[in-house]
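J.: What follows is query25.cif; its format and atoms are mmCIF, C-alpha atoms (C1' of nucleotides).
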data_final
loop_
_atom_site.label_atom_id
_atom_site.label_comp_id
_atom_site.auth_asym_id
_atom_site.auth_seq_id
_atom_site.Cartn_x
_atom_site.Cartn_y
_atom_site.Cartn_z
CA MET U 15 0.00 0.00 0.00
CA GLU U 16 2.71 2.45 1.02
CA LEU U 17 4.98 1.63 -1.89
CA PHE U 18 2.23 1.86 -4.51
CA TRP U 19 1.38 5.26 -3.05
CA LEU U 20 4.96 6.51 -2.92
CA LYS U 21 6.29 5.13 -6.19
CA GLY U 22 3.26 4.09 -8.18
CA TYR U 23 2.26 0.59 -9.23
CA GLY U 24 4.55 0.16 -12.23
CA SER U 25 7.59 1.53 -10.46
CA THR U 26 7.17 -0.68 -7.43
CA SER U 27 8.90 -3.99 -7.96
CA ILE U 28 8.10 -7.21 -6.18
CA ALA U 29 11.62 -7.01 -4.81
CA ASP U 30 10.76 -3.61 -3.28
CA ILE U 31 7.71 -5.12 -1.61
CA LEU U 32 9.63 -8.14 -0.33
CA SER U 33 12.33 -6.05 1.28
CA ARG U 34 9.94 -3.43 2.69
CA SER U 35 7.67 -6.07 4.21
CA GLN U 36 10.43 -8.48 5.24
CA VAL U 37 8.69 -11.32 3.47
CA ASN U 38 10.14 -13.93 1.16
CA SER U 39 9.13 -14.48 -2.41
CA GLY U 40 7.61 -17.89 -1.75
CA SER U 41 5.39 -16.57 1.03
CA LEU U 42 4.13 -13.62 -0.97
CA TYR U 43 3.25 -15.73 -3.99
CA HIS U 44 1.57 -18.26 -1.75
CA TYR U 45 -1.08 -15.64 -0.82
CA PHE U 46 -1.04 -13.43 -3.91
CA PRO U 47 -0.82 -15.21 -7.28
CA GLY U 48 0.53 -12.11 -9.03
CA LYS U 49 1.36 -8.47 -8.64
CA GLN U 50 -2.09 -7.36 -9.77
CA ASP U 51 -3.74 -9.33 -6.98
CA LEU U 52 -1.72 -7.24 -4.58
CA LEU U 53 -3.07 -4.11 -6.25
CA VAL U 54 -6.64 -5.34 -5.96
CA ALA U 55 -6.11 -6.05 -2.26
CA VAL U 56 -4.68 -2.56 -1.76
CA LEU U 57 -7.64 -0.96 -3.53
CA GLU U 58 -10.04 -2.97 -1.40
CA SER U 59 -8.22 -1.86 1.69
CA TYR U 60 -8.55 1.79 0.66
CA ARG U 61 -12.20 1.25 -0.14
CA ASP U 62 -12.93 -0.32 3.24
CA GLY U 63 -10.92 2.36 5.00
CA ILE U 64 -12.79 5.38 3.64
CA GLY U 65 -14.99 5.56 6.71
CA PRO U 66 -12.71 4.59 9.57
CA MET U 67 -9.39 5.87 8.20
CA LEU U 68 -10.43 8.97 6.29
CA LEU U 69 -13.86 10.34 7.17
CA GLU U 70 -14.06 9.63 10.89
CA PRO U 71 -10.80 11.37 11.76
CA ALA U 72 -11.59 14.25 9.41
CA TRP U 73 -15.06 14.75 10.85
CA ALA U 74 -14.32 14.41 14.55
CA GLY U 75 -16.01 17.30 16.34
CA ILE U 76 -17.61 18.70 13.21
CA ASP U 77 -21.36 18.44 12.82
CA ASP U 78 -22.35 20.87 10.11
CA PRO U 79 -22.65 18.85 6.92
CA ILE U 80 -21.22 21.53 4.63
CA GLU U 81 -18.33 22.12 6.99
CA ARG U 82 -17.67 18.38 6.93
CA ILE U 83 -17.05 18.64 3.23
CA PHE U 84 -14.46 21.33 3.79
CA ALA U 85 -13.03 19.45 6.76
CA LEU U 86 -12.38 16.52 4.45
CA LEU U 87 -10.66 18.83 2.00
CA ALA U 88 -8.64 20.26 4.90
CA LYS U 89 -7.45 16.74 5.61
CA TYR U 90 -6.12 16.46 2.09
CA ARG U 91 -4.47 19.83 2.57
CA GLN U 92 -2.69 18.42 5.60
CA LEU U 93 -1.51 15.43 3.59
CA ILE U 94 -0.14 17.78 0.95
CA VAL U 95 1.73 19.82 3.56
CA ASP U 96 3.00 16.71 5.36
CA THR U 97 4.54 15.39 2.14
CA ASP U 98 6.16 18.66 1.07
CA CYS U 99 3.57 19.01 -1.65
CA SER U 100 4.38 15.73 -3.31
CA TYR U 101 1.13 14.13 -2.14
CA GLY U 102 -0.93 12.34 -4.71
CA CYS U 103 -4.32 10.81 -4.07
CA PRO U 104 -3.53 7.09 -4.20
CA ILE U 105 -6.68 6.25 -6.14
CA GLY U 106 -6.46 9.18 -8.55
CA SER U 107 -2.81 8.48 -9.25
CA LEU U 108 -3.55 4.86 -10.04
CA ALA U 109 -6.53 5.89 -12.16
CA LEU U 110 -4.24 7.90 -14.40
CA GLU U 111 -1.18 5.65 -14.22
CA LEU U 112 -2.97 2.52 -15.36
CA HIS U 113 -3.94 3.13 -18.96
CA GLU U 114 -5.72 -0.09 -19.69
CA PRO U 115 -6.61 -1.49 -16.31
CA ASP U 116 -7.96 -4.97 -15.91
CA PRO U 117 -11.72 -4.79 -15.30
CA VAL U 118 -11.20 -6.12 -11.77
CA VAL U 119 -8.86 -3.24 -11.01
CA ARG U 120 -11.03 -0.59 -12.63
CA GLU U 121 -14.05 -1.82 -10.68
CA ARG U 122 -12.14 -1.38 -7.40
CA MET U 123 -11.17 2.15 -8.39
CA VAL U 124 -14.82 2.87 -9.16
CA GLN U 125 -15.81 1.53 -5.74
CA ASN U 126 -13.37 3.94 -4.14
CA PHE U 127 -14.75 6.95 -6.01
CA ASP U 128 -18.30 5.78 -5.33
CA GLY U 129 -17.64 5.47 -1.62
CA TRP U 130 -16.04 8.90 -1.46
CA THR U 131 -18.79 10.71 -3.35
CA ALA U 132 -21.52 8.81 -1.44
CA ALA U 133 -20.17 10.29 1.78
CA ILE U 134 -20.23 13.79 0.29
CA ARG U 135 -23.71 13.16 -1.03
CA ASP U 136 -24.86 12.27 2.48
CA CYS U 137 -23.56 15.62 3.68
CA LEU U 138 -25.42 17.40 0.93
CA GLU U 139 -28.61 15.50 1.74
CA GLN U 140 -28.34 16.69 5.31
CA ALA U 141 -27.86 20.27 4.12
CA LYS U 142 -30.66 19.97 1.60
CA GLY U 143 -32.70 22.74 3.19
CA ARG U 144 -29.95 25.25 2.53
CA LEU U 145 -29.42 24.25 -1.09
CA PRO U 146 -31.47 24.96 -4.22
CA ARG U 147 -34.20 22.39 -4.63
CA ALA U 148 -33.14 21.92 -8.26
CA LEU U 149 -29.54 21.05 -7.35
CA ASP U 150 -28.44 17.60 -8.46
CA LEU U 151 -26.88 16.35 -5.24
CA GLN U 152 -25.09 13.45 -6.87
CA ALA U 153 -23.54 15.75 -9.48
CA ALA U 154 -22.54 18.22 -6.78
CA ALA U 155 -20.90 15.42 -4.77
CA GLU U 156 -18.97 14.27 -7.84
CA PHE U 157 -17.94 17.88 -8.36
CA VAL U 158 -16.30 17.97 -4.95
CA LEU U 159 -14.25 14.91 -5.92
CA THR U 160 -13.45 16.53 -9.26
CA VAL U 161 -12.14 19.63 -7.53
CA MET U 162 -10.16 17.67 -4.95
CA GLU U 163 -8.45 15.54 -7.58
CA GLY U 164 -7.68 18.45 -9.90
CA ALA U 165 -6.43 20.55 -7.01
CA VAL U 166 -4.18 17.81 -5.64
CA MET U 167 -2.73 17.33 -9.13
CA GLN U 168 -1.79 20.98 -9.45
CA ALA U 169 -0.46 21.36 -5.90
CA ARG U 170 1.81 18.44 -6.60
CA THR U 171 2.96 19.57 -10.03
CA TYR U 172 3.74 23.07 -8.81
CA ARG U 173 4.92 21.81 -5.40
CA ASP U 174 2.78 24.52 -3.84
CA VAL U 175 -0.27 24.08 -1.58
CA ALA U 176 -1.53 27.48 -2.66
CA PHE U 177 -2.92 25.85 -5.81
CA PHE U 178 -4.97 23.52 -3.64
CA ASP U 179 -6.10 26.39 -1.41
CA ARG U 180 -7.23 28.53 -4.31
CA ALA U 181 -9.26 25.67 -5.79
CA VAL U 182 -10.95 25.01 -2.45
CA ALA U 183 -11.70 28.74 -2.13
CA GLN U 184 -13.40 28.64 -5.52
CA LEU U 185 -15.42 25.64 -4.42
CA ARG U 186 -16.43 27.57 -1.30
CA THR U 187 -17.57 30.41 -3.55
CA TYR U 188 -19.58 27.89 -5.55
CA PHE U 189 -21.38 26.63 -2.45
CA GLU U 190 -22.00 30.13 -1.14
CA ALA U 191 -23.35 31.20 -4.50
CA LEU U 192 -25.75 28.25 -4.44
CA THR U 193 -27.20 29.27 -1.09
CA VAL U 194 -27.25 32.97 -2.02
CA ARG U 195 -29.21 32.23 -5.16
CA GLU U 196 -31.85 30.43 -3.19
CA THR U 197 -32.12 33.39 -0.81
CA VAL U 198 -32.58 35.75 -3.74
CA GLY U 199 -35.39 33.62 -5.12
CA ALA U 200 -37.21 33.37 -1.79
CA MET C 116 4.20 11.47 -28.08
CA GLU C 117 1.46 9.06 -29.09
CA LEU C 118 2.87 6.14 -27.15
CA PHE C 119 3.43 8.12 -23.96
CA TRP C 120 -0.17 9.24 -24.24
CA LEU C 121 -1.59 5.79 -24.95
CA LYS C 122 0.51 3.71 -22.57
CA GLY C 123 2.17 6.17 -20.22
CA TYR C 124 5.86 6.92 -19.88
CA GLY C 125 6.92 3.96 -17.77
CA SER C 126 5.02 1.43 -19.83
CA THR C 127 6.40 2.66 -23.14
CA SER C 128 9.66 0.91 -23.92
CA ILE C 129 12.36 2.21 -26.21
CA ALA C 130 11.64 -0.85 -28.33
CA ASP C 131 8.01 0.31 -28.67
CA ILE C 132 9.18 3.71 -29.83
CA LEU C 133 11.67 2.25 -32.30
CA SER C 134 9.11 0.02 -33.97
CA ARG C 135 6.34 2.63 -33.99
CA SER C 136 8.62 5.27 -35.50
CA GLN C 137 10.54 2.92 -37.77
CA VAL C 138 13.82 4.19 -36.42
CA ASN C 139 16.83 2.23 -35.31
CA SER C 140 18.32 2.30 -31.88
CA GLY C 141 21.54 3.99 -32.99
CA SER C 142 19.67 6.83 -34.69
CA LEU C 143 17.40 7.49 -31.73
CA TYR C 144 20.25 7.60 -29.24
CA HIS C 145 22.20 9.85 -31.58
CA TYR C 146 19.56 12.59 -31.09
CA PHE C 147 18.23 11.74 -27.63
CA PRO C 148 20.81 10.71 -25.00
CA GLY C 149 18.18 8.90 -22.92
CA LYS C 150 14.52 8.13 -22.52
CA GLN C 151 13.89 11.15 -20.32
CA ASP C 152 15.15 13.50 -23.03
CA LEU C 153 12.43 12.10 -25.24
CA LEU C 154 9.90 12.92 -22.54
CA VAL C 155 11.18 16.47 -22.22
CA ALA C 156 10.89 16.93 -25.99
CA VAL C 157 7.33 15.59 -25.93
CA LEU C 158 6.37 17.97 -23.12
CA GLU C 159 7.89 20.88 -25.03
CA SER C 160 5.94 19.88 -28.09
CA TYR C 161 2.70 19.86 -26.10
CA ARG C 162 3.60 23.20 -24.57
CA ASP C 163 4.30 24.79 -27.95
CA GLY C 164 1.16 23.26 -29.42
CA ILE C 165 -1.32 24.66 -26.89
CA GLY C 166 -2.16 27.57 -29.17
CA PRO C 167 -2.06 26.10 -32.68
CA MET C 168 -3.11 22.52 -31.91
CA LEU C 169 -5.57 22.98 -29.07
CA LEU C 170 -6.96 26.51 -28.67
CA GLU C 171 -7.19 27.66 -32.28
CA PRO C 172 -9.24 24.68 -33.47
CA ALA C 173 -11.41 24.79 -30.35
CA TRP C 174 -12.08 28.50 -30.69
CA ALA C 175 -12.71 28.75 -34.42
CA GLY C 176 -15.89 30.76 -34.93
CA ILE C 177 -16.39 31.49 -31.25
CA ASP C 178 -15.84 35.03 -30.02
CA ASP C 179 -17.48 35.23 -26.62
CA PRO C 180 -14.71 34.74 -24.06
CA ILE C 181 -16.79 32.73 -21.58
CA GLU C 182 -18.08 30.52 -24.40
CA ARG C 183 -14.48 29.95 -25.46
CA ILE C 184 -13.82 28.40 -22.07
CA PHE C 185 -16.69 25.98 -22.56
CA ALA C 186 -15.68 25.39 -26.17
CA LEU C 187 -12.31 24.23 -24.93
CA LEU C 188 -14.01 21.89 -22.50
CA ALA C 189 -16.21 20.66 -25.34
CA LYS C 190 -13.03 19.76 -27.21
CA TYR C 191 -11.95 17.58 -24.31
CA ARG C 192 -15.40 16.03 -24.32
CA GLN C 193 -14.89 15.12 -27.96
CA LEU C 194 -11.53 13.53 -27.14
CA ILE C 195 -13.20 11.48 -24.42
CA VAL C 196 -15.91 10.31 -26.81
CA ASP C 197 -13.42 9.59 -29.60
CA THR C 198 -11.42 7.31 -27.33
CA ASP C 199 -14.39 5.41 -25.90
CA CYS C 200 -13.92 7.22 -22.62
CA SER C 201 -10.37 6.08 -22.11
CA TYR C 202 -8.98 9.55 -22.78
CA GLY C 203 -6.48 10.91 -20.32
CA CYS C 204 -5.01 14.40 -20.45
CA PRO C 205 -1.42 13.66 -21.47
CA ILE C 206 0.02 16.23 -19.08
CA GLY C 207 -2.21 15.36 -16.15
CA SER C 208 -1.54 11.66 -16.57
CA LEU C 209 2.21 12.24 -16.58
CA ALA C 210 1.88 14.56 -13.60
CA LEU C 211 0.39 11.72 -11.56
CA GLU C 212 2.37 8.87 -13.07
CA LEU C 213 5.78 10.36 -12.36
CA HIS C 214 6.15 10.37 -8.61
CA GLU C 215 9.53 11.97 -8.28
CA PRO C 216 10.06 13.71 -11.58
CA ASP C 217 13.39 15.18 -12.52
CA PRO C 218 13.23 18.98 -12.10
CA VAL C 219 13.60 19.41 -15.86
CA VAL C 220 10.50 17.28 -16.43
CA ARG C 221 8.47 18.93 -13.69
CA GLU C 222 9.32 22.37 -15.07
CA ARG C 223 7.96 21.33 -18.48
CA MET C 224 4.75 20.09 -16.90
CA VAL C 225 4.43 23.41 -15.08
CA GLN C 226 4.90 25.24 -18.38
CA ASN C 227 2.05 23.25 -19.87
CA PHE C 228 -0.31 24.05 -17.00
CA ASP C 229 0.82 27.67 -17.04
CA GLY C 230 0.14 28.00 -20.76
CA TRP C 231 -3.28 26.42 -20.43
CA THR C 232 -4.41 28.57 -17.51
CA ALA C 233 -2.95 31.71 -19.08
CA ALA C 234 -5.26 31.20 -22.05
CA ILE C 235 -8.27 30.83 -19.76
CA ARG C 236 -7.16 33.86 -17.81
CA ASP C 237 -7.12 35.88 -21.04
CA CYS C 238 -10.73 34.86 -21.64
CA LEU C 239 -11.66 35.93 -18.14
CA GLU C 240 -9.88 39.27 -18.58
CA GLN C 241 -11.94 39.88 -21.69
CA ALA C 242 -15.13 39.05 -19.79
CA LYS C 243 -14.08 41.11 -16.79
CA GLY C 244 -17.06 43.46 -17.09
CA ARG C 245 -19.44 40.56 -16.52
CA LEU C 246 -17.59 39.16 -13.53
CA PRO C 247 -17.43 40.32 -9.92
CA ARG C 248 -14.71 42.88 -9.49
CA ALA C 249 -13.38 40.97 -6.48
CA LEU C 250 -12.95 37.73 -8.46
CA ASP C 251 -9.36 36.46 -8.57
CA LEU C 252 -9.04 35.79 -12.30
CA GLN C 253 -5.90 33.70 -11.94
CA ALA C 254 -7.54 31.50 -9.31
CA ALA C 255 -10.65 31.17 -11.46
CA ALA C 256 -8.53 30.13 -14.45
CA GLU C 257 -6.73 27.52 -12.37
CA PHE C 258 -10.15 26.32 -11.22
CA VAL C 259 -11.16 25.61 -14.80
CA LEU C 260 -8.05 23.44 -15.18
CA THR C 261 -8.81 21.78 -11.84
CA VAL C 262 -12.30 20.89 -13.00
CA MET C 263 -11.15 19.67 -16.41
CA GLU C 264 -8.51 17.38 -14.93
CA GLY C 265 -10.77 16.00 -12.23
CA ALA C 266 -13.59 15.48 -14.69
CA VAL C 267 -11.39 13.70 -17.24
CA MET C 268 -10.12 11.43 -14.48
CA GLN C 269 -13.62 10.36 -13.47
CA ALA C 270 -14.92 9.98 -17.02
CA ARG C 271 -12.04 7.65 -17.68
CA THR C 272 -12.31 5.66 -14.48
CA TYR C 273 -16.05 5.15 -14.93
CA ARG C 274 -15.74 4.89 -18.73
CA ASP C 275 -18.65 7.30 -18.97
CA VAL C 276 -18.67 10.84 -20.43
CA ALA C 277 -21.62 11.72 -18.24
CA PHE C 278 -19.20 12.28 -15.36
CA PHE C 279 -17.39 14.86 -17.46
CA ASP C 280 -20.64 16.46 -18.53
CA ARG C 281 -21.94 16.78 -15.00
CA ALA C 282 -18.72 18.42 -13.82
CA VAL C 283 -18.84 20.92 -16.69
CA ALA C 284 -22.48 21.65 -15.85
CA GLN C 285 -21.47 22.44 -12.28
CA LEU C 286 -18.74 24.74 -13.57
CA ARG C 287 -21.34 26.45 -15.73
CA THR C 288 -23.49 26.94 -12.64
CA TYR C 289 -20.47 28.42 -10.91
CA PHE C 290 -19.94 30.98 -13.68
CA GLU C 291 -23.61 31.83 -13.88
CA ALA C 292 -23.76 32.29 -10.13
CA LEU C 293 -20.83 34.68 -10.35
CA THR C 294 -22.57 36.87 -12.90
CA VAL C 295 -25.96 36.62 -11.18
CA ARG C 296 -24.45 37.77 -7.90
CA GLU C 297 -23.03 40.84 -9.59
CA THR C 298 -26.42 41.63 -11.12
CA VAL C 299 -28.07 41.39 -7.72
CA GLY C 300 -25.56 43.82 -6.28
CA ALA C 301 -26.03 46.38 -9.05
"C1'" DG H 44 3.60 -22.26 4.75
"C1'" DT H 45 8.30 -20.62 4.29
"C1'" DC H 46 12.85 -20.76 2.54
"C1'" DT H 47 16.68 -20.01 -1.20
"C1'" DA H 48 17.98 -20.14 -5.71
"C1'" DT H 49 17.03 -19.31 -10.27
"C1'" DA H 50 14.53 -19.33 -14.85
"C1'" DC H 51 13.45 -16.43 -18.41
"C1'" DC H 52 12.23 -12.17 -20.42
"C1'" DC H 53 12.40 -7.45 -21.35
"C1'" DT H 54 14.51 -3.08 -20.10
"C1'" DG H 55 17.51 1.10 -21.33
"C1'" DA H 56 21.61 1.82 -23.27
"C1'" DT H 57 26.05 0.84 -25.99
"C1'" DA H 58 29.65 -0.90 -29.48
"C1'" DG H 59 31.54 -0.55 -33.52
"C1'" DA H 60 31.12 -1.53 -38.68
"C1'" DC H 61 29.52 1.08 -42.49
"C1'" DG W 221 24.21 9.65 -39.16
"C1'" DT W 222 22.53 4.94 -39.55
"C1'" DC W 223 22.86 0.12 -39.07
"C1'" DT W 224 22.83 -4.59 -36.41
"C1'" DA W 225 24.14 -7.06 -32.60
"C1'" DT W 226 24.54 -7.19 -27.94
"C1'" DC W 227 25.42 -6.04 -23.02
"C1'" DA W 228 24.41 -5.76 -18.10
"C1'" DG W 229 20.73 -5.34 -14.95
"C1'" DG W 230 16.39 -5.79 -13.12
"C1'" DG W 231 11.54 -7.44 -13.86
"C1'" DT W 232 7.88 -11.14 -12.52
"C1'" DA W 233 7.25 -15.45 -11.45
"C1'" DT W 234 8.55 -20.36 -10.30
"C1'" DA W 235 10.95 -24.69 -8.47
"C1'" DG W 236 11.64 -27.59 -5.11
"C1'" DA W 237 13.91 -28.50 -0.51
"C1'" DC W 238 12.50 -28.05 4.13
#
In structure tokens, what does this structure look like?

T.:
Amino acid sequence: MELFWLKGYGSTSIADILSRSQVNSGSLYHYFPGKQDLLVAVLESYRDGIGPMLLEPAWAGIDDPIERIFALLAKYRQLIVDTDCSYGCPIGSLALELHEPDPVVRERMVQNFDGWTAAIRDCLEQAKGRLPRALDLQAAAEFVLTVMEGAVMQARTYRDVAFFDRAVAQLRTYFEALTVRETVGA
Amino acid sequence: MELFWLKGYGSTSIADILSRSQVNSGSLYHYFPGKQDLLVAVLESYRDGIGPMLLEPAWAGIDDPIERIFALLAKYRQLIVDTDCSYGCPIGSLALELHEPDPVVRERMVQNFDGWTAAIRDCLEQAKGRLPRALDLQAAAEFVLTVMEGAVMQARTYRDVAFFDRAVAQLRTYFEALTVRETVGA
DNA sequence: GTCTATACCCTGATAGAC
DNA sequence: GTCTATCAGGGTATAGAC
């Protein structure tokens, strides 16, 4: 998991994994028939960790559903800072690194995106009263993922969190504009 | 250029390039000392082609600066459709594939993003009268890139243009909200 | 189930004749 | 400048003793 995140899938060799995990070749291949099976297991682990490893820590002490969305983005900001702006979303990076992924792999990436946007959608459902009735909540949730991924990409390429911050500020403007518009109409 | 786009940098071998280009090893290495030099040349070619290869065709017959932004996004939509939703932005994909890029490579990726956002910024400058005076045009231009990259990533992962379309629709809402807010204030 | 040793292939890069 | 042949190293995966 760590090596695929740090170096990417293609650039991580089995030998890297064996030495990092202090496991021997025979043992690894006993449990995982091939390298791709390891990738699938990693993606499943990310998928199952969205709640306990990502959302719960990010949302501790925060109740407002819209603020939870920005708290999650703040968590990514912290990851960017903690890695000297070389952070890449592990799922997004794999999604772009693997050009013709095996269907099994692509399905696991989809499950990760689905789980992430479902959590955002829940927040939006809870804030429904403050949002335009016509707003497509699913599309808005996907948009948050869109912005996060695009912002992480730029922060990393420029090695500068400010690119992430500016994108999040624009997203904030977007949400404020949505609520303002409703107020105007009322 | 084509192979790096189709397969990624790491998964494209020199042998692939030699057979695709009908060139022999000795000739290639005469002009390009190593594989990375080929990558740098490709990135420079993309950078220099932003105007003639990307913007000019996308903007033919379109004068309104805000519509030019969405015309550019429509061009990406066409690329997604033409590739059966396996399209990846060549720069964005490299930005996430290469985890510790050589400074020379990273600088070329930055130049590509800079050139792209500068063009969007020009559009926004031209539409300045319709936008809130307080709007940070540079940040808004970067936001368009953010959305494009995030939307392309999802369309590809889900193999479904609808994810791209929904993200662009949200961006449209964002721009409309910006102009509406100004109208309200006037 | 775990160990070491290794098969076999493909990689980027080079040598040296022409 | 271009050609063919090849090198040295590292890649995934396997064999077979224990």

J.: For the structure shown, which residues end up in the PyMOL selection byres ((chain H and resi 49-60) around 8)? Put them as an MDAnalysis selection string, please?

T.: (chainID C and resid 128:129 149:150) or (chainID H and resid 48 61) or (chainID W and resid 227 230:231 234)

J.: With the PyMOL selection byres ((chain U and resi 73) around 12) as the selection, what would be picked from this file? Answer as a count of residues only, please.

T.: 27

J.: Have a look at CA of Glu257 (chain C) and CA of Ala233 (chain C) and let me know their distance in Å, one decimal.

T.: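 So the answer is 8.8 Å.
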
J.: For chain C, report every residue with an atom at most 6 Å from chain U (counting all atoms listed in the file), formatted as a list of chain:residue names.

T.: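 Every residue of chain C that passes the 6 Å test is in C:Lys122, C:Ser208, C:Leu211, C:Glu212, C:His214, C:Ala254, C:Phe258, C:Thr261, C:Val262, C:Glu264, C:Gly265, C:Ala266, C:Arg281, C:Ala282, C:Tyr289, C:Ala292.
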
J.: Pick the closest to chain W from C:Val276, C:Val138, C:Ile165, C:Leu239: which is it, counting all atoms listed in the file?

T.: C:Val138

J.: Would you compute the distance between CA of Leu93 (chain U) and CA of Leu52 (chain U)? Give it in Å to one decimal.

T.: 24.1 Å

J.: Distance CA of Phe119 (chain C)-CA of Val155 (chain C), one decimal place?

T.: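 Calculated distance between CA of Phe119 (chain C) and CA of Val155 (chain C) is 11.5 Å.
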
J.: Quick check: residues of chain H within 10 Å of chain U, all atoms listed in the file, returned as an NGL selection string.

T.: :H and (44-47)

J.: Given the file above and the PyMOL selection byres ((chain W) within 9 of (chain C)), which residues are selected, and can you give them as a PyMOL selection string?

T.: chain W and resi 221-223

J.: Kindly list the centre and edge lengths in Å, rounded to one decimal, for the axis-aligned box that covers all listed atoms of region 223-234 of chain W plus 8 Å on each of its six sides, as AutoDock Vina command-line options.

T.:
--center_x 16.3 --center_y -10.1 --center_z -24.7 --size_x 34.2 --size_y 36.5 --size_z 44.8
